[in-house]
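To start, the structure under review is shown below, and the notes come after it.
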Amino acid sequence: MKHLLLVSLILLSSCHSTTSKKGQEFETDSIPQQEELCPDSISETEPVSLEEKQEKSSKAIPILQPVPRDIPTGEAISSDSLSMKTEYDYYPLSTTKVKVIITNHSHYEYSCGEGYSLAYYNEKQKVWEILPTSPIVNSILWIFPSGYSTHEQTIELYTAEAPNRAGRYRIYKSFNGDTKVAYAEFELVDKKGVEKLRQQIDDYWGKNAKISNDTTARNIHSTWIQNDDGDTIFVGLMNNTPHYQEMFRKRVVSYSAVSHGKIQQGIPFIQPTSSDTMRITMQTEHSVYPVGTETISVELANGNSKDLFLGERYNVARKEGNRWILLHDGGAWNDIGYGLGQGDAHLFTARLRPIVNDNKPGTYKVVKEIGFKGSSQKWYMGAEFRIE
């Protein structure tokens with residue numbers, strides 16, 4: 001009997017020791033833990049199934065739902081002082097994320113948090129309806145000091161809780177301790193809206209393409225809507241560079257689903273040229289032209305006894321470093337051939353397209369492919385000039 005009592009005391013002592021150790025590590029010392037850790041405890045518990053454990057676990061971890069937040073109140077901030085703009089003015093109806101850009105244009109300091117409100121304008125009822133927003137808001141303070149300080153934030157549209165509707169939306173944010181407020185507005189467009197945007201592009205193009213100083217309109221050469229999705233508007237640009245794409249967004253339409261295709265890199269002209277060879281010469285009317293010159297006159301003269309054969313096509317290239325880079329020429333040519341006998345000269349006008357090509361001061365040349373009549377051998381003549 002004495003031996004049995006001693007064994008029981010040792011077991012109880014070992015149980016208590018194990019539980020105390022656990023409590024020091026996790027700071028969760030409790031009687032239930034003692035019972036679970038003591039295999040010889042007199043009290044017994046019923047086994048818990050896996051399903052019950054999962055159910056208890058899911059109850060312990062709350063599922064966060066998007067939260068509608070009221071439109072903030074406060075003094076409206078002038079856009080001249082602080083601007084809130086979305087990356088684009090228009091988005092297709094399938095959009096799920098919108099980037100907003102906040103910029104301080106003033107000499108004052110502004111501050112705000114990560115929180116925001118989202119609203120949709122109900123045209124029938126003439127009211128702004130609040131929509132679900134992110135349930136998680138980090139306690140981060142964004143400071144906008146004077147001097148064009150900019151910050152970007154991506155806003156999610158919770159389409160499962162509130163399906164997207166065509167129309168106007170606003171993203172609101174509070175500033176300076178909820179005393180001031182600003183918003184960014186954008187629009188979601190359906191298939192009819194996409195057609196209207198394309199018509200807006202075509203109207204701008206048709207109206208302004210003949211205006212000499214409208215670079216953007218003169219740079220457009222085609223528009224169409226891709227039938228695969230019905231959202232994408234393709235706008236072909238003669239000079240398709242990031243600079244000209246940005247000009248299009250600013251002056252024509254800022255729509256996230258406009259595609260200009262692959263950005264064009266400068267195409268080098270690598271063929272050798274000559275301005276005077278085999279008694280054949282080619283030169284421009286003047287050696288120097290002012291910036292903005294639209295067209296120049298070029299003369300090709302044949303002093304050779306053989307007749308020359310040439311077409312209407314020509315190219316203009318600009319010297320950039322050690323390379324000659326071709327300028328954009330519009331891509332359309334008449335298929336006309338000319339014969340040029342000995343002592344004859346061919347005069348033609350070369351278009352420089354200064355608006356499309358952004359012709360800056362430098363060295364340029366007009367190049368033209370020619371050959372002797374009846375011969376398959378061809379070569380290029382080149383007439384250099386400067387723009388200053």
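So you can find residues: chains in the structure tokens are A, B, ... in the order shown, residues in each start at 1, and ligands are numbered from 1 in order.
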
- prompt: Can you list every residue in stretch 123-365 of chain A that DSSP puts in strand (DSSP E), as a PyMOL selection string?
  reply: chain A and resi 127-133+142-144+150-156+167-175+180-189+220-225+233-237+258-259+273-274+276-277+280-284+288-289+295-302+308-311+315-320+323-326+337-340+345-351+362-365

Suppose we keep C-alpha atoms; can you now write the selection as a CSV table (one decimal), in the first residue's frame?
chain,number,residue,atom,x,y,z
A,127,VAL,CA,-28.2,59.7,-55.4
A,128,TRP,CA,-24.7,58.3,-54.7
A,129,GLU,CA,-25.0,54.7,-53.4
A,130,ILE,CA,-22.2,53.5,-51.1
A,131,LEU,CA,-20.5,50.2,-52.1
A,132,PRO,CA,-18.4,47.6,-50.3
A,133,THR,CA,-14.8,48.4,-49.6
A,142,TRP,CA,0.5,59.0,-45.6
A,143,ILE,CA,2.1,62.4,-45.6
A,144,PHE,CA,1.9,64.6,-48.6
A,150,THR,CA,2.5,61.7,-55.2
A,151,HIS,CA,1.1,58.4,-53.8
A,152,GLU,CA,-0.8,55.6,-55.6
A,153,GLN,CA,-3.4,53.2,-54.2
A,154,THR,CA,-5.2,50.3,-55.8
A,155,ILE,CA,-8.9,50.1,-55.1
A,156,GLU,CA,-10.7,46.7,-55.5
A,167,GLY,CA,-22.1,54.6,-65.0
A,168,ARG,CA,-20.1,57.0,-62.8
A,169,TYR,CA,-18.2,55.9,-59.7
A,170,ARG,CA,-16.3,57.9,-57.0
A,171,ILE,CA,-13.5,57.0,-54.6
A,172,TYR,CA,-13.5,59.3,-51.6
A,173,LYS,CA,-10.7,59.9,-49.0
A,174,SER,CA,-10.5,62.0,-45.9
A,175,PHE,CA,-7.5,64.2,-45.2
A,180,LYS,CA,-11.0,67.8,-45.5
A,181,VAL,CA,-12.2,65.5,-48.3
A,182,ALA,CA,-11.3,64.8,-52.0
A,183,TYR,CA,-12.5,62.2,-54.5
A,184,ALA,CA,-11.5,60.7,-57.9
A,185,GLU,CA,-14.2,59.9,-60.4
A,186,PHE,CA,-14.2,57.3,-63.2
A,187,GLU,CA,-16.8,55.6,-65.4
A,188,LEU,CA,-17.5,51.9,-66.2
A,189,VAL,CA,-18.8,51.4,-69.7
A,220,ILE,CA,-4.0,58.2,-86.0
A,221,HIS,CA,-4.4,56.0,-89.1
A,222,SER,CA,-7.2,53.5,-88.0
A,223,THR,CA,-9.6,52.4,-85.3
A,224,TRP,CA,-11.6,49.2,-84.8
A,225,ILE,CA,-13.2,47.1,-82.0
A,233,ILE,CA,-10.7,49.5,-78.9
A,234,PHE,CA,-7.7,49.3,-81.2
A,235,VAL,CA,-6.3,52.6,-82.3
A,236,GLY,CA,-3.5,52.4,-84.9
A,237,LEU,CA,-0.8,55.1,-84.6
A,258,VAL,CA,-7.5,51.0,-75.7
A,259,SER,CA,-4.7,49.1,-77.5
A,273,THR,CA,23.8,55.8,-100.1
A,274,SER,CA,25.5,58.2,-102.4
A,276,ASP,CA,26.9,61.7,-106.5
A,277,THR,CA,27.8,58.5,-108.4
A,280,ILE,CA,24.0,60.8,-111.1
A,281,THR,CA,23.3,63.3,-108.4
A,282,MET,CA,20.5,63.9,-105.8
A,283,GLN,CA,20.3,67.0,-103.6
A,284,THR,CA,17.8,69.0,-101.6
A,288,VAL,CA,19.4,73.9,-94.0
A,289,TYR,CA,15.7,74.1,-93.0
A,295,THR,CA,8.1,69.6,-97.1
A,296,ILE,CA,11.3,70.0,-99.0
A,297,SER,CA,12.1,69.9,-102.7
A,298,VAL,CA,14.5,67.3,-104.0
A,299,GLU,CA,16.2,67.0,-107.4
A,300,LEU,CA,17.5,63.8,-108.9
A,301,ALA,CA,19.6,64.5,-112.1
A,302,ASN,CA,20.9,61.9,-114.6
A,308,LEU,CA,17.3,55.4,-115.1
A,309,PHE,CA,14.2,53.8,-113.7
A,310,LEU,CA,12.6,54.9,-110.4
A,311,GLY,CA,9.3,54.9,-108.5
A,315,ASN,CA,12.3,57.7,-97.2
A,316,VAL,CA,13.6,60.3,-94.8
A,317,ALA,CA,16.0,59.3,-92.1
A,318,ARG,CA,17.4,61.1,-89.1
A,319,LYS,CA,21.0,60.6,-87.8
A,320,GLU,CA,21.0,59.5,-84.2
A,323,ARG,CA,22.9,55.3,-87.0
A,324,TRP,CA,20.3,56.6,-89.5
A,325,ILE,CA,16.8,56.0,-88.1
A,326,LEU,CA,13.8,56.0,-90.5
A,337,GLY,CA,7.4,54.2,-112.4
A,338,TYR,CA,9.4,56.9,-114.1
A,339,GLY,CA,12.1,56.7,-116.8
A,340,LEU,CA,14.9,59.3,-116.7
A,345,ALA,CA,16.1,65.7,-113.9
A,346,HIS,CA,13.3,64.4,-111.7
A,347,LEU,CA,11.9,66.9,-109.1
A,348,PHE,CA,9.8,65.5,-106.2
A,349,THR,CA,8.6,66.8,-102.8
A,350,ALA,CA,9.6,64.9,-99.7
A,351,ARG,CA,7.2,65.2,-96.7
A,362,GLY,CA,19.9,67.6,-86.4
A,363,THR,CA,21.1,65.9,-89.6
A,364,TYR,CA,18.6,64.3,-92.0
A,365,LYS,CA,18.7,62.8,-95.4

field: Which of stretch 208-385 of chain A fall in alpha helix (DSSP H), as a list in words
entry: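 Result set for stretch 208-385 of chain A (alpha helix (DSSP H)): Asn208, Thr215, Thr216, Ala217, Arg218, Asn219, Pro242, His243, Tyr244, Gln245, Glu246, Met247, Phe248, Arg249, Lys250, Arg251, Pro354, Ile355, Val356 and Asn357 of chain A.
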
message: Report, in Å with one decimal, the straight-line distance from atom CA of A:Lys97 to atom CA of A:Ser81.
response: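 Answer for the atom CA of A:Lys97 to atom CA of A:Ser81 separation: 26.3 Å.
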
query: Of the candidates A:Ile71, A:Asn176, A:Val252, A:His243, which shows the shortest atom-to-atom distance to A:Ile201, using only C-alpha atoms?
result: A:Val252

Residue among A:His260, A:Ala166, A:Ser287, A:Leu82 lying closest to A:Glu246, counting only C-alpha atoms: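 So, comparing all the options, the nearest one is A:His260.
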
message: Excluding A:Ser146 and its own-chain neighbours fewer than 6 positions away, which residues fall within 12 Å of it when counting only C-alpha atoms? Please give them as a ChimeraX atom specification.
response: /A:81-82,103-111

Create the file for the chosen residues now, containing C-alpha atoms and written as a PDB file, in the first residue's frame.
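Output contents, as saved in result-v6.pdb:
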ATOM      1  CA  SER A  81      -4.218  72.122 -54.265  1.00  0.00           C
ATOM      2  CA  LEU A  82      -4.526  68.336 -54.200  1.00  0.00           C
ATOM      3  CA  THR A 103      -0.783  64.431 -55.876  1.00  0.00           C
ATOM      4  CA  ASN A 104      -0.182  67.497 -53.714  1.00  0.00           C
ATOM      5  CA  HIS A 105       0.152  70.591 -55.926  1.00  0.00           C
ATOM      6  CA  SER A 106       0.110  73.151 -53.119  1.00  0.00           C
ATOM      7  CA  HIS A 107       2.541  74.574 -50.578  1.00  0.00           C
ATOM      8  CA  TYR A 108       0.568  72.956 -47.732  1.00  0.00           C
ATOM      9  CA  GLU A 109       0.951  69.541 -46.155  1.00  0.00           C
ATOM     10  CA  TYR A 110      -1.809  66.949 -46.395  1.00  0.00           C
ATOM     11  CA  SER A 111      -2.149  63.608 -44.652  1.00  0.00           C
TER      12      SER A 111
END

- prompt: For A:Pro272, which residue out of A:Gln377, A:Asp329, A:Glu369, A:Asp231 is the nearest one, using only C-alpha atoms?
  reply: A:Glu369

task: Quote the spacing between atom CA of A:Leu157 and atom CA of A:Gly74 in Å to one decimal place.
output: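 We find that atom CA of A:Leu157 and atom CA of A:Gly74 lie 24.6 Å from each other.
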